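Chemist: I am sharing coords_13.cif, which consists of mmCIF, C-alpha atoms and all ligand atoms:
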```cif
data_model
loop_
_atom_site.label_atom_id
_atom_site.label_comp_id
_atom_site.auth_asym_id
_atom_site.auth_seq_id
_atom_site.Cartn_x
_atom_site.Cartn_y
_atom_site.Cartn_z
CA MET A 48 4.94 31.79 -30.64
CA SER A 49 2.82 28.71 -29.88
CA GLU A 50 -0.28 28.11 -31.99
CA ILE A 51 -3.62 28.98 -30.33
CA ILE A 52 -5.69 25.82 -29.85
CA LYS A 53 -9.22 26.45 -31.08
CA THR A 54 -12.22 25.30 -29.02
CA SER A 55 -14.01 22.26 -30.37
CA LEU A 56 -17.69 22.83 -31.18
CA LYS A 57 -18.45 19.56 -29.38
CA ASP A 58 -17.10 21.01 -26.13
CA LEU A 59 -19.88 23.62 -26.16
CA SER A 60 -23.20 23.01 -24.41
CA ASP A 61 -26.41 23.47 -26.44
CA GLU A 62 -26.89 26.86 -24.79
CA GLU A 63 -23.34 27.94 -25.62
CA LEU A 64 -23.78 26.84 -29.24
CA SER A 65 -27.05 28.79 -29.54
CA GLU A 66 -25.40 31.89 -28.07
CA LEU A 67 -22.49 31.53 -30.48
CA LEU A 68 -24.80 31.33 -33.50
CA GLU A 69 -26.80 34.28 -32.23
CA ARG A 70 -23.58 36.31 -32.03
CA CYS A 71 -22.87 35.23 -35.63
CA GLY A 72 -26.25 36.71 -36.58
CA VAL A 73 -27.91 33.57 -37.99
CA ALA A 74 -31.33 32.02 -37.33
CA ALA A 75 -31.75 29.47 -34.54
CA PHE A 76 -32.44 26.57 -36.95
CA ARG A 77 -28.78 26.71 -38.02
CA ALA A 78 -27.91 25.05 -34.69
CA ASP A 79 -29.86 21.94 -35.73
CA GLN A 80 -28.07 21.90 -39.09
CA LEU A 81 -24.71 22.23 -37.38
CA ARG A 82 -25.51 19.41 -34.94
CA HIS A 83 -26.59 17.25 -37.88
CA TRP A 84 -23.20 17.74 -39.55
CA LEU A 85 -21.29 17.12 -36.33
CA TYR A 86 -23.10 14.04 -35.03
CA GLN A 87 -24.96 12.43 -37.93
CA LYS A 88 -22.69 13.18 -40.88
CA TRP A 89 -19.56 12.85 -38.67
CA ALA A 90 -18.01 15.90 -40.36
CA ALA A 91 -14.30 16.46 -39.78
CA ASP A 92 -14.05 19.89 -41.41
CA PHE A 93 -16.19 22.98 -41.99
CA SER A 94 -15.76 22.50 -45.77
CA GLU A 95 -18.05 19.42 -45.58
CA MET A 96 -21.02 21.46 -44.28
CA LYS A 97 -22.58 22.21 -47.65
CA ASN A 98 -25.91 23.72 -46.53
CA LEU A 99 -24.47 26.32 -44.15
CA PRO A 100 -23.75 29.88 -45.34
CA ALA A 101 -20.11 30.55 -46.24
CA ALA A 102 -20.09 33.69 -44.06
CA LEU A 103 -21.13 31.66 -41.00
CA LEU A 104 -18.55 28.96 -41.70
CA GLY A 105 -15.86 31.63 -42.02
CA LYS A 106 -16.76 33.12 -38.63
CA LEU A 107 -16.85 29.71 -36.94
CA GLN A 108 -13.58 28.62 -38.50
CA ALA A 109 -11.80 31.62 -37.01
CA GLY A 110 -12.28 30.39 -33.44
CA TYR A 111 -13.54 26.82 -33.49
CA ARG A 112 -12.66 23.30 -34.61
CA VAL A 113 -14.86 20.53 -35.95
CA PHE A 114 -12.68 17.48 -35.18
CA THR A 115 -10.01 16.98 -32.51
CA LEU A 116 -8.17 13.88 -33.76
CA GLN A 117 -5.52 13.58 -36.42
CA ALA A 118 -5.20 9.88 -37.24
CA GLU A 119 -1.47 9.24 -37.31
CA GLU A 120 -1.42 5.45 -37.63
CA THR A 121 -4.23 3.17 -38.78
CA LEU A 122 -3.58 -0.54 -38.36
CA THR A 123 -5.96 -3.19 -39.66
CA ALA A 124 -6.01 -6.85 -38.68
CA GLU A 125 -7.28 -9.86 -40.60
CA ASP A 126 -10.07 -10.36 -38.06
CA GLY A 127 -11.50 -6.94 -38.98
CA CYS A 128 -10.13 -5.01 -35.98
CA VAL A 129 -8.84 -1.53 -36.72
CA LYS A 130 -6.68 0.48 -34.38
CA TRP A 131 -5.96 4.17 -34.60
CA LEU A 132 -3.27 6.16 -32.91
CA SER A 133 -4.49 9.76 -33.12
CA ARG A 134 -2.56 12.95 -32.44
CA LEU A 135 -4.33 15.51 -30.23
CA SER A 136 -3.93 19.27 -30.57
CA ASP A 137 -1.33 19.42 -27.77
CA GLY A 138 0.80 16.70 -29.34
CA ASN A 139 -0.30 13.85 -27.07
CA THR A 140 -1.60 10.66 -28.65
CA VAL A 141 -4.62 8.49 -27.93
CA GLU A 142 -5.69 5.01 -29.01
CA THR A 143 -9.07 3.89 -30.31
CA VAL A 144 -10.02 0.37 -31.46
CA LEU A 145 -12.81 -0.83 -33.73
CA ILE A 146 -13.85 -4.43 -33.08
CA ARG A 147 -15.96 -5.98 -35.80
CA ALA A 148 -18.25 -8.98 -35.67
CA PRO A 149 -20.96 -10.02 -38.13
CA GLU A 150 -23.72 -7.39 -37.91
CA ARG A 151 -21.99 -5.49 -35.11
CA ALA A 152 -19.31 -2.83 -34.86
CA THR A 153 -18.02 -1.90 -31.42
CA VAL A 154 -15.64 0.94 -30.68
CA CYS A 155 -13.37 0.82 -27.64
CA ILE A 156 -12.53 4.36 -26.56
CA SER A 157 -9.99 5.98 -24.24
CA THR A 158 -10.77 8.60 -21.61
CA GLN A 159 -7.30 9.72 -20.52
CA VAL A 160 -3.78 10.06 -21.89
CA GLY A 161 -2.03 7.54 -19.63
CA CYS A 162 -3.60 6.41 -16.35
CA GLN A 163 -2.79 7.02 -12.69
CA VAL A 164 -4.05 3.62 -11.48
CA ARG A 165 -0.95 1.94 -12.94
CA CYS A 166 -2.06 -1.72 -12.91
CA VAL A 167 1.09 -3.78 -13.28
CA PHE A 168 -0.05 -5.71 -16.36
CA CYS A 169 -1.18 -2.66 -18.35
CA ALA A 170 0.79 -0.66 -20.91
CA SER A 171 -1.48 2.41 -20.53
CA GLY A 172 -0.63 2.91 -16.89
CA SER A 173 3.08 2.23 -17.14
CA LYS A 174 4.03 5.94 -17.21
CA GLY A 175 1.18 7.34 -15.09
CA LEU A 176 -1.39 9.98 -16.05
CA ILE A 177 -0.62 12.79 -18.50
CA ARG A 178 -4.08 14.36 -18.75
CA ASN A 179 -7.82 13.80 -19.01
CA LEU A 180 -9.40 13.81 -22.47
CA THR A 181 -11.98 16.49 -23.23
CA THR A 182 -15.61 15.76 -24.08
CA ALA A 183 -14.92 16.41 -27.78
CA GLU A 184 -11.86 14.14 -27.80
CA ILE A 185 -13.97 11.33 -26.33
CA ILE A 186 -16.83 11.86 -28.80
CA ASP A 187 -14.51 12.07 -31.82
CA GLN A 188 -13.14 8.60 -31.05
CA VAL A 189 -16.67 7.28 -31.68
CA LEU A 190 -17.05 9.27 -34.90
CA LEU A 191 -13.64 8.22 -36.27
CA PRO A 192 -14.71 4.59 -36.98
CA CYS A 193 -18.05 5.81 -38.37
CA ARG A 194 -16.13 7.85 -40.95
CA TYR A 195 -13.90 4.85 -41.67
CA LEU A 196 -16.82 2.42 -42.09
CA GLU A 197 -19.15 4.99 -43.65
CA ALA A 198 -21.69 3.53 -41.22
CA LYS A 199 -22.76 4.14 -37.65
CA ILE A 200 -21.17 1.90 -35.03
CA ASN A 201 -23.51 -0.16 -32.77
CA ASN A 202 -21.74 -0.29 -29.41
CA ILE A 203 -19.33 1.72 -27.31
CA VAL A 204 -17.09 0.19 -24.67
CA VAL A 205 -15.21 2.66 -22.49
CA MET A 206 -12.33 0.30 -21.91
CA GLY A 207 -9.34 1.89 -23.63
CA MET A 208 -6.59 4.00 -22.15
CA GLY A 209 -7.35 5.56 -18.76
CA GLU A 210 -9.65 4.99 -15.79
CA PRO A 211 -13.06 6.30 -17.01
CA LEU A 212 -14.31 7.12 -13.51
CA HIS A 213 -11.32 9.43 -12.97
CA ASN A 214 -12.70 11.54 -15.83
CA LEU A 215 -16.42 11.06 -15.25
CA ASP A 216 -17.49 14.69 -15.81
CA MET A 217 -16.07 14.83 -19.36
CA LEU A 218 -17.13 11.24 -20.08
CA SER A 219 -20.73 11.70 -18.94
CA ARG A 220 -21.09 14.86 -21.04
CA ALA A 221 -19.73 12.96 -24.05
CA LEU A 222 -22.05 9.98 -23.50
CA ASP A 223 -25.07 12.26 -23.02
CA ASN A 224 -24.30 13.80 -26.42
CA LEU A 225 -23.85 10.37 -27.97
CA ASN A 226 -27.22 9.27 -26.51
CA ALA A 227 -29.15 12.41 -27.44
CA PRO A 228 -31.80 11.71 -30.15
CA ASP A 229 -30.92 14.93 -32.03
CA LYS A 230 -27.19 14.12 -31.95
CA PHE A 231 -25.55 10.68 -32.30
CA ALA A 232 -28.68 8.86 -31.04
CA LEU A 233 -27.06 5.67 -29.74
CA GLY A 234 -29.15 3.86 -27.09
CA ALA A 235 -27.69 4.04 -23.58
CA ARG A 236 -27.85 0.26 -23.27
CA HIS A 237 -25.28 -0.04 -26.07
CA ILE A 238 -22.69 1.69 -23.90
CA THR A 239 -20.48 -0.02 -21.30
CA ILE A 240 -18.15 1.75 -18.88
CA SER A 241 -15.37 -0.39 -17.47
CA THR A 242 -13.67 0.63 -14.24
CA SER A 243 -10.82 -0.84 -12.22
CA GLY A 244 -13.10 -0.51 -9.18
CA ILE A 245 -13.01 3.16 -8.18
CA VAL A 246 -15.61 3.14 -5.40
CA PRO A 247 -16.42 6.91 -5.19
CA GLY A 248 -16.68 6.96 -9.01
CA ILE A 249 -19.09 4.00 -9.11
CA ARG A 250 -21.33 5.75 -6.57
CA LYS A 251 -21.16 9.05 -8.48
CA LEU A 252 -22.00 7.22 -11.71
CA ALA A 253 -24.96 5.53 -9.98
CA ASP A 254 -26.26 8.92 -8.85
CA LEU A 255 -26.39 10.07 -12.50
CA HIS A 256 -29.15 7.45 -13.03
CA ARG A 257 -28.05 6.72 -16.59
CA PRO A 258 -28.76 3.18 -17.88
CA TRP A 259 -25.20 2.71 -19.16
CA ASN A 260 -23.74 -0.73 -18.43
CA LEU A 261 -21.11 -1.05 -15.74
CA ALA A 262 -18.18 -3.47 -15.96
CA ILE A 263 -15.69 -4.02 -13.17
CA SER A 264 -12.17 -5.05 -14.18
CA LEU A 265 -11.76 -7.40 -11.24
CA HIS A 266 -8.88 -9.67 -12.29
CA ALA A 267 -8.47 -11.04 -8.75
CA THR A 268 -10.82 -12.53 -6.18
CA SER A 269 -9.21 -11.52 -2.90
CA ASP A 270 -7.75 -8.28 -1.57
CA GLN A 271 -4.34 -9.91 -1.14
CA GLN A 272 -4.32 -11.01 -4.77
CA ARG A 273 -5.49 -7.61 -6.06
CA ALA A 274 -2.68 -5.97 -4.10
CA GLN A 275 -0.20 -7.76 -6.35
CA ILE A 276 -1.55 -6.21 -9.57
CA ILE A 277 -3.02 -2.84 -8.53
CA PRO A 278 -0.84 -0.33 -6.62
CA PRO A 279 -2.37 0.96 -3.36
CA ASP A 280 -3.24 4.57 -4.28
CA TYR A 281 -6.42 3.71 -6.22
CA ARG A 282 -7.12 0.21 -4.97
CA TYR A 283 -10.33 -0.25 -2.97
CA PRO A 284 -11.28 -3.25 -0.79
CA LEU A 285 -13.39 -5.84 -2.60
CA GLU A 286 -16.25 -5.52 -0.09
CA GLU A 287 -16.46 -1.76 -0.80
CA ILE A 288 -16.49 -2.43 -4.55
CA ILE A 289 -19.27 -4.99 -4.12
CA SER A 290 -21.31 -2.58 -2.04
CA ALA A 291 -20.84 0.23 -4.60
CA CYS A 292 -21.92 -2.14 -7.40
CA GLN A 293 -25.03 -3.10 -5.45
CA TYR A 294 -25.81 0.61 -5.04
CA HIS A 295 -25.30 1.13 -8.80
CA ARG A 296 -27.70 -1.75 -9.50
CA GLN A 297 -30.34 -0.22 -7.20
CA GLN A 298 -30.07 3.17 -8.91
CA THR A 299 -29.92 1.99 -12.54
CA ASN A 300 -31.35 -1.54 -12.60
CA ARG A 301 -28.42 -2.62 -14.80
CA MET A 302 -26.73 -5.98 -14.30
CA PRO A 303 -22.95 -5.50 -13.90
CA THR A 304 -20.26 -7.47 -15.70
CA LEU A 305 -17.09 -8.71 -14.05
CA GLU A 306 -14.14 -8.48 -16.44
CA TYR A 307 -11.46 -11.00 -15.53
CA ALA A 308 -8.11 -11.04 -17.34
CA LEU A 309 -6.74 -14.58 -17.02
CA LEU A 310 -3.13 -14.39 -15.87
CA LYS A 311 -1.19 -17.65 -15.98
CA SER A 312 -0.34 -19.16 -12.57
CA PHE A 313 -1.74 -16.07 -10.85
CA ASN A 314 -5.54 -16.13 -10.99
CA ASP A 315 -6.41 -19.24 -13.02
CA SER A 316 -6.70 -21.94 -10.32
CA PRO A 317 -9.87 -23.93 -9.48
CA GLU A 318 -10.04 -21.98 -6.19
CA ASP A 319 -10.01 -18.67 -8.15
CA ALA A 320 -12.87 -19.95 -10.31
CA ALA A 321 -14.90 -20.90 -7.22
CA ARG A 322 -14.34 -17.47 -5.58
CA LEU A 323 -15.14 -15.65 -8.82
CA ALA A 324 -18.39 -17.58 -9.30
CA ALA A 325 -19.37 -16.78 -5.69
CA LEU A 326 -18.68 -13.04 -6.18
CA ALA A 327 -20.70 -13.02 -9.41
CA ALA A 328 -23.60 -14.71 -7.62
CA ARG A 329 -23.60 -12.02 -4.90
CA LEU A 330 -23.69 -9.28 -7.55
CA HIS A 331 -26.01 -11.08 -10.03
CA ALA A 332 -23.21 -10.29 -12.48
CA LYS A 333 -22.11 -11.79 -15.77
CA ILE A 334 -18.43 -12.78 -16.11
CA ASN A 335 -16.31 -11.94 -19.11
CA LEU A 336 -13.01 -13.82 -19.23
CA ILE A 337 -10.22 -12.26 -21.26
CA PRO A 338 -6.91 -14.03 -21.81
CA CYS A 339 -4.31 -11.47 -20.70
CA ASN A 340 -2.87 -9.39 -23.54
CA PRO A 341 0.88 -9.30 -23.94
CA GLY A 342 2.08 -6.20 -22.08
CA PRO A 343 4.90 -4.70 -20.07
CA SER A 344 4.60 -7.09 -17.11
CA ARG A 345 5.73 -10.62 -16.33
CA TYR A 346 2.15 -11.92 -16.72
CA GLN A 347 1.05 -14.09 -19.63
CA ALA A 348 -2.19 -15.68 -20.73
CA PRO A 349 -2.77 -19.34 -19.88
CA ALA A 350 -3.04 -21.80 -22.78
CA LEU A 351 -6.43 -21.79 -24.49
CA ALA A 352 -7.30 -25.23 -23.02
CA GLN A 353 -6.76 -23.85 -19.50
CA CYS A 354 -8.88 -20.78 -20.27
CA ARG A 355 -11.68 -23.09 -21.42
CA ALA A 356 -11.30 -25.27 -18.33
CA PHE A 357 -11.62 -22.15 -16.13
CA LEU A 358 -14.75 -21.15 -18.08
CA ASP A 359 -16.24 -24.65 -17.60
CA ARG A 360 -15.67 -24.43 -13.84
CA LEU A 361 -17.51 -21.11 -13.68
CA ILE A 362 -20.44 -22.47 -15.68
CA ARG A 363 -20.62 -25.63 -13.56
CA ALA A 364 -20.74 -23.36 -10.50
CA GLY A 365 -23.85 -21.69 -11.98
CA ALA A 366 -22.24 -18.48 -13.31
CA GLN A 367 -23.17 -16.76 -16.56
CA ALA A 368 -19.75 -16.51 -18.18
CA THR A 369 -18.10 -16.12 -21.58
CA LEU A 370 -14.54 -16.37 -22.79
CA ARG A 371 -13.67 -13.50 -25.07
CA THR A 372 -11.40 -14.43 -27.93
CA ARG A 373 -8.45 -12.10 -28.08
CA LYS A 374 -8.85 -9.84 -31.07
CA GLY A 375 -6.30 -7.58 -32.62
CA ASP A 376 -3.08 -9.13 -31.30
CA ALA A 377 -1.54 -8.58 -34.73
CA ILE A 378 -2.17 -4.85 -34.44
CA LYS A 379 -1.47 -4.58 -30.72
CA ALA A 380 -5.10 -3.86 -29.82
CA ALA A 381 -4.65 -4.10 -26.05
CA CYS A 382 -4.87 -0.67 -24.51
CA GLY A 383 -1.73 1.42 -24.48
CA GLN A 384 0.45 -0.92 -26.50
CA LEU A 385 0.59 1.03 -29.75
CA ARG A 386 1.19 4.29 -27.95
CA SER A 387 3.92 2.81 -25.76
CA ARG A 388 5.59 1.23 -28.78
CA GLN A 389 5.62 4.57 -30.55
CA ARG A 390 7.14 6.27 -27.52
CA THR A 391 9.85 3.59 -27.40
CA ASP A 392 10.50 4.01 -31.13
CA ASN A 393 10.84 7.77 -30.85
S1 LIG A 401 -5.93 -1.49 -16.66
FE1 LIG A 401 -7.22 0.36 -16.83
S2 LIG A 401 -7.15 1.23 -14.77
FE2 LIG A 401 -5.42 -0.22 -14.88
S3 LIG A 401 -3.66 1.07 -15.54
FE3 LIG A 401 -4.61 0.18 -17.39
S4 LIG A 401 -6.02 1.78 -18.11
FE4 LIG A 401 -5.53 2.24 -15.96
#
```
What does this structure look like when you write it as structure tokens?
Modeler:
Amino acid sequence: MSEIIKTSLKDLSDEELSELLERCGVAAFRADQLRHWLYQKWAADFSEMKNLPAALLGKLQAGYRVFTLQAEETLTAEDGCVKWLSRLSDGNTVETVLIRAPERATVCISTQVGCQVRCVFCASGSKGLIRNLTTAEIIDQVLLPCRYLEAKINNIVVMGMGEPLHNLDMLSRALDNLNAPDKFALGARHITISTSGIVPGIRKLADLHRPWNLAISLHATSDQQRAQIIPPDYRYPLEEIISACQYHRQQTNRMPTLEYALLKSFNDSPEDAARLAALAARLHAKINLIPCNPGPSRYQAPALAQCRAFLDRLIRAGAQATLRTRKGDAIKAACGQLRSRQRTDN
């Protein structure tokens, strides 16, 4: 007989949690204590919740879980990056990366197991979508590095496995909980959602009126070029993406970022730089250049000198641009790589 998967407390709304505690026969203030353990002490087990009555913990334990991730592999790199491969209750695995800089800790979280967009250069999408992550599974990826560091992280980038806007309902509930002052209390401006350019999702996100940052993984500056790296099912015309970003800007007043993975001999020419700078000017967007991570495709990163030359062209054209140094190569930090390696090993 298969094991019954218990509901995570973090998948309950505030009302549902209050009702649950009422059914357990305890005073309403216990909900605040429970939230404190979940979101501010980053508890992974009921046994850590020292100020809650044993009878209440026993009742909760019978039907509910505190933490949804079982860290199966933890890899650390010399540059401070940490990568976890965590087992979920149904046996699937998910990747989470901690990126450390002086005075800043950023966690890169996943929103899906696999991805149906299937960009050709990406390990996460190579086998398609398996399932969406739940709200609790998304939140717990943020709490995992807090437990590891014994300190609260400063930034969240939703840039790991999966297309975040294909799981916006679960993601927005998770981010609302992470923003809430009585829960994780991280400022909305410290959160960035990165999409491959899902137009209906960008518009839906805009209509939520949350001041989360939006990043577009553009990677190509013409529709013909994008067609070579993104299969047709979830590829939208550039003009529609631009219009959706402008709508998002109107609704949230947040300046978008264009993420651009530099792929050798594909999108690194002077003409690409000129088109990218022009697109950024139309959107009042910053540009973040990322040398392509090694993955399942034929694409490679250009040499560092060429990446810098591309950056210089953008800056000379008036763009606000940065070149991100590739962190975590030694631990396969690019999304989907650890998980796909494990599946190959198995
Ligand atoms: S790059 Fe992002 S959207 Fe594309 S397949 Fe990978 S996870 Fe999905």
Chemist: Identify which of the residues A:Pro247, A:Pro149, A:Gly72, A:Gly209 lies closest to A:Lys174, counting all atoms listed in the file when measuring atom-to-atom distances.
Modeler: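 Of A:Pro247, A:Pro149, A:Gly72, A:Gly209, the one nearest A:Lys174 is A:Gly209, counting all atoms listed in the file.
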Chemist: Can you tell me how far atom CA of A:Ala183 sits from atom CA of A:Ser136, in Å to one decimal?
Modeler: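 One can read the atom CA of A:Ala183 to atom CA of A:Ser136 distance as 11.7 Å.
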Chemist: Find the residues near ligand LIG 401 (chain A). Use a cut-off of 6 Å, count all atoms listed in the file, and write them as a PyMOL selection string.
Modeler: chain A and resi 162+164-166+169+171-172+208-210+243
Chemist: When you draw a straight line from atom CA of A:Asp223 to atom CA of A:Asp187, how long is it in Å?
Modeler: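 That distance, rounded to one decimal, is 13.7 Å.
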Chemist: Go ahead and compute the interatomic distance for atom CA of A:Thr268 and atom CA of A:His295, in Å to one decimal.
Modeler: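 Computing the Euclidean distance for atom CA of A:Thr268 and atom CA of A:His295 yields 20.1 Å.
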Chemist: If you count only C-alpha atoms, which residues fall within 12 Å of A:Met96, apart from same-chain ones fewer than 2 positions away, as a list of chain:residue names?
Modeler: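 Result of the neighbour search: A:Arg77, A:Gln80, A:Leu81, A:Arg82, A:His83, A:Trp84, A:Leu85, A:Gln87, A:Lys88, A:Trp89, A:Ala90, A:Ala91, A:Asp92, A:Phe93, A:Ser94, A:Asn98, A:Leu99, A:Pro100, A:Ala101, A:Leu103, A:Leu104, A:Gly105, A:Leu107, A:Gln108, A:Val113.
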Chemist: Go ahead and save the residues from that selection, with C-alpha atoms, as a PDB file, in the frame of the given file.
Modeler:
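This went into result03.pdb:
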```pdb
ATOM      1  CA  ARG A  77     -28.780  26.710 -38.020  1.00  0.00           C
ATOM      2  CA  GLN A  80     -28.070  21.900 -39.090  1.00  0.00           C
ATOM      3  CA  LEU A  81     -24.710  22.230 -37.380  1.00  0.00           C
ATOM      4  CA  ARG A  82     -25.510  19.410 -34.940  1.00  0.00           C
ATOM      5  CA  HIS A  83     -26.590  17.250 -37.880  1.00  0.00           C
ATOM      6  CA  TRP A  84     -23.200  17.740 -39.550  1.00  0.00           C
ATOM      7  CA  LEU A  85     -21.290  17.120 -36.330  1.00  0.00           C
ATOM      8  CA  GLN A  87     -24.960  12.430 -37.930  1.00  0.00           C
ATOM      9  CA  LYS A  88     -22.690  13.180 -40.880  1.00  0.00           C
ATOM     10  CA  TRP A  89     -19.560  12.850 -38.670  1.00  0.00           C
ATOM     11  CA  ALA A  90     -18.010  15.900 -40.360  1.00  0.00           C
ATOM     12  CA  ALA A  91     -14.300  16.460 -39.780  1.00  0.00           C
ATOM     13  CA  ASP A  92     -14.050  19.890 -41.410  1.00  0.00           C
ATOM     14  CA  PHE A  93     -16.190  22.980 -41.990  1.00  0.00           C
ATOM     15  CA  SER A  94     -15.760  22.500 -45.770  1.00  0.00           C
ATOM     16  CA  ASN A  98     -25.910  23.720 -46.530  1.00  0.00           C
ATOM     17  CA  LEU A  99     -24.470  26.320 -44.150  1.00  0.00           C
ATOM     18  CA  PRO A 100     -23.750  29.880 -45.340  1.00  0.00           C
ATOM     19  CA  ALA A 101     -20.110  30.550 -46.240  1.00  0.00           C
ATOM     20  CA  LEU A 103     -21.130  31.660 -41.000  1.00  0.00           C
ATOM     21  CA  LEU A 104     -18.550  28.960 -41.700  1.00  0.00           C
ATOM     22  CA  GLY A 105     -15.860  31.630 -42.020  1.00  0.00           C
ATOM     23  CA  LEU A 107     -16.850  29.710 -36.940  1.00  0.00           C
ATOM     24  CA  GLN A 108     -13.580  28.620 -38.500  1.00  0.00           C
ATOM     25  CA  VAL A 113     -14.860  20.530 -35.950  1.00  0.00           C
TER      26      VAL A 113
END
```
Chemist: Using all atoms listed in the file, which residue out of A:Ile203, A:Ala262, A:Cys71, A:Leu180 lies closest to A:Leu330?
Modeler: A:Ala262
Chemist: Can you work out which one of A:Pro284, A:Pro279, A:Gly127, A:Gly161 has the shortest atom-to-atom distance to A:Leu176, counting all atoms listed in the file?
Modeler: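 For A:Leu176, the nearest of the given residues is A:Gly161.
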Chemist: For A:Leu261, find every residue with an atom within 8 Å (counting all atoms listed in the file), except residues of its own chain fewer than 3 positions away, and show them as a PyMOL selection string.
Modeler: chain A and resi 239-242+301-304
Chemist: Point out the residue among A:Ala148, A:Ala364, A:Ile200, A:Arg355 with the least atom-to-atom distance to A:Arg322, counting only C-alpha atoms.
Modeler: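 Closest to A:Arg322 of all the choices is A:Ala364.
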Chemist: For A:Val246, which residue out of A:Ala348, A:Asp216, A:Arg282, A:His266 is the nearest one, using all atoms listed in the file?
Modeler: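 Nearest to A:Val246: A:Arg282.
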Chemist: Do a neighbour search on A:Pro228 at 12 Å with all atoms listed in the file, toss out local chain neighbours closer than 3 positions, and write the hits as a short mmCIF file (atom, residue, chain, number, x, y, z; two decimals) with C-alpha atoms, in the coordinates of the input.
Modeler:
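File written: around_13.cif
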```cif
data_model
loop_
_atom_site.label_atom_id
_atom_site.label_comp_id
_atom_site.auth_asym_id
_atom_site.auth_seq_id
_atom_site.Cartn_x
_atom_site.Cartn_y
_atom_site.Cartn_z
CA ASP A 79 -29.86 21.94 -35.73
CA ARG A 82 -25.51 19.41 -34.94
CA HIS A 83 -26.59 17.25 -37.88
CA TYR A 86 -23.10 14.04 -35.03
CA GLN A 87 -24.96 12.43 -37.93
CA LEU A 222 -22.05 9.98 -23.50
CA ASP A 223 -25.07 12.26 -23.02
CA ASN A 224 -24.30 13.80 -26.42
CA LEU A 225 -23.85 10.37 -27.97
CA PHE A 231 -25.55 10.68 -32.30
CA ALA A 232 -28.68 8.86 -31.04
CA LEU A 233 -27.06 5.67 -29.74
CA GLY A 234 -29.15 3.86 -27.09
CA ALA A 235 -27.69 4.04 -23.58
#
```
Chemist: Measuring between all atoms listed in the file, which one of A:Asp58, A:Glu150, A:Asp229, A:Glu66 shows the shortest distance to A:Tyr111?
Modeler: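 Looking at the shortest contact to A:Tyr111, the residue is A:Asp58.
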Chemist: Compile the contact shell of A:Arg151 as number ranges by chain: residues with an atom at most 12 Å away, counting all atoms listed in the file, same-chain residues fewer than 2 positions apart removed.
Modeler: A: 127-128, 145-149, 153-154, 196, 198-203, 237
Chemist: For stretch 203-214 of chain A, where the input has fewer atoms than it should, I would like N, CA and C atoms rebuilt and written as a PDB file, in the coordinates of the input.
Modeler:
```
ATOM      1  N   ILE A 203     -20.513   1.028 -27.829  1.00  0.00           N
ATOM      2  CA  ILE A 203     -19.330   1.720 -27.310  1.00  0.00           C
ATOM      3  C   ILE A 203     -18.898   1.004 -26.036  1.00  0.00           C
ATOM      4  N   VAL A 204     -17.625   0.658 -25.951  1.00  0.00           N
ATOM      5  CA  VAL A 204     -17.090   0.190 -24.670  1.00  0.00           C
ATOM      6  C   VAL A 204     -16.016   1.186 -24.227  1.00  0.00           C
ATOM      7  N   VAL A 205     -16.169   1.679 -23.022  1.00  0.00           N
ATOM      8  CA  VAL A 205     -15.210   2.660 -22.490  1.00  0.00           C
ATOM      9  C   VAL A 205     -14.182   1.861 -21.715  1.00  0.00           C
ATOM     10  N   MET A 206     -13.227   1.319 -22.459  1.00  0.00           N
ATOM     11  CA  MET A 206     -12.330   0.300 -21.910  1.00  0.00           C
ATOM     12  C   MET A 206     -10.918   0.487 -22.437  1.00  0.00           C
ATOM     13  N   GLY A 207     -10.663   1.638 -23.068  1.00  0.00           N
ATOM     14  CA  GLY A 207      -9.340   1.890 -23.630  1.00  0.00           C
ATOM     15  C   GLY A 207      -8.412   2.493 -22.586  1.00  0.00           C
ATOM     16  N   MET A 208      -7.569   3.399 -23.050  1.00  0.00           N
ATOM     17  CA  MET A 208      -6.590   4.000 -22.150  1.00  0.00           C
ATOM     18  C   MET A 208      -7.273   4.851 -21.087  1.00  0.00           C
ATOM     19  N   GLY A 209      -6.840   4.702 -19.834  1.00  0.00           N
ATOM     20  CA  GLY A 209      -7.350   5.560 -18.760  1.00  0.00           C
ATOM     21  C   GLY A 209      -8.395   4.884 -17.897  1.00  0.00           C
ATOM     22  N   GLU A 210      -8.600   5.437 -16.710  1.00  0.00           N
ATOM     23  CA  GLU A 210      -9.650   4.990 -15.790  1.00  0.00           C
ATOM     24  C   GLU A 210     -10.856   5.927 -16.005  1.00  0.00           C
ATOM     25  N   PRO A 211     -11.936   5.418 -16.637  1.00  0.00           N
ATOM     26  CA  PRO A 211     -13.060   6.300 -17.010  1.00  0.00           C
ATOM     27  C   PRO A 211     -13.647   7.074 -15.828  1.00  0.00           C
ATOM     28  N   LEU A 212     -13.662   6.448 -14.642  1.00  0.00           N
ATOM     29  CA  LEU A 212     -14.310   7.120 -13.510  1.00  0.00           C
ATOM     30  C   LEU A 212     -13.404   8.190 -12.885  1.00  0.00           C
ATOM     31  N   HIS A 213     -12.177   8.296 -13.357  1.00  0.00           N
ATOM     32  CA  HIS A 213     -11.320   9.430 -12.970  1.00  0.00           C
ATOM     33  C   HIS A 213     -11.544  10.620 -13.907  1.00  0.00           C
ATOM     34  N   ASN A 214     -12.383  10.442 -14.912  1.00  0.00           N
ATOM     35  CA  ASN A 214     -12.700  11.540 -15.830  1.00  0.00           C
ATOM     36  C   ASN A 214     -14.208  11.519 -16.133  1.00  0.00           C
TER      37      ASN A 214
END
```
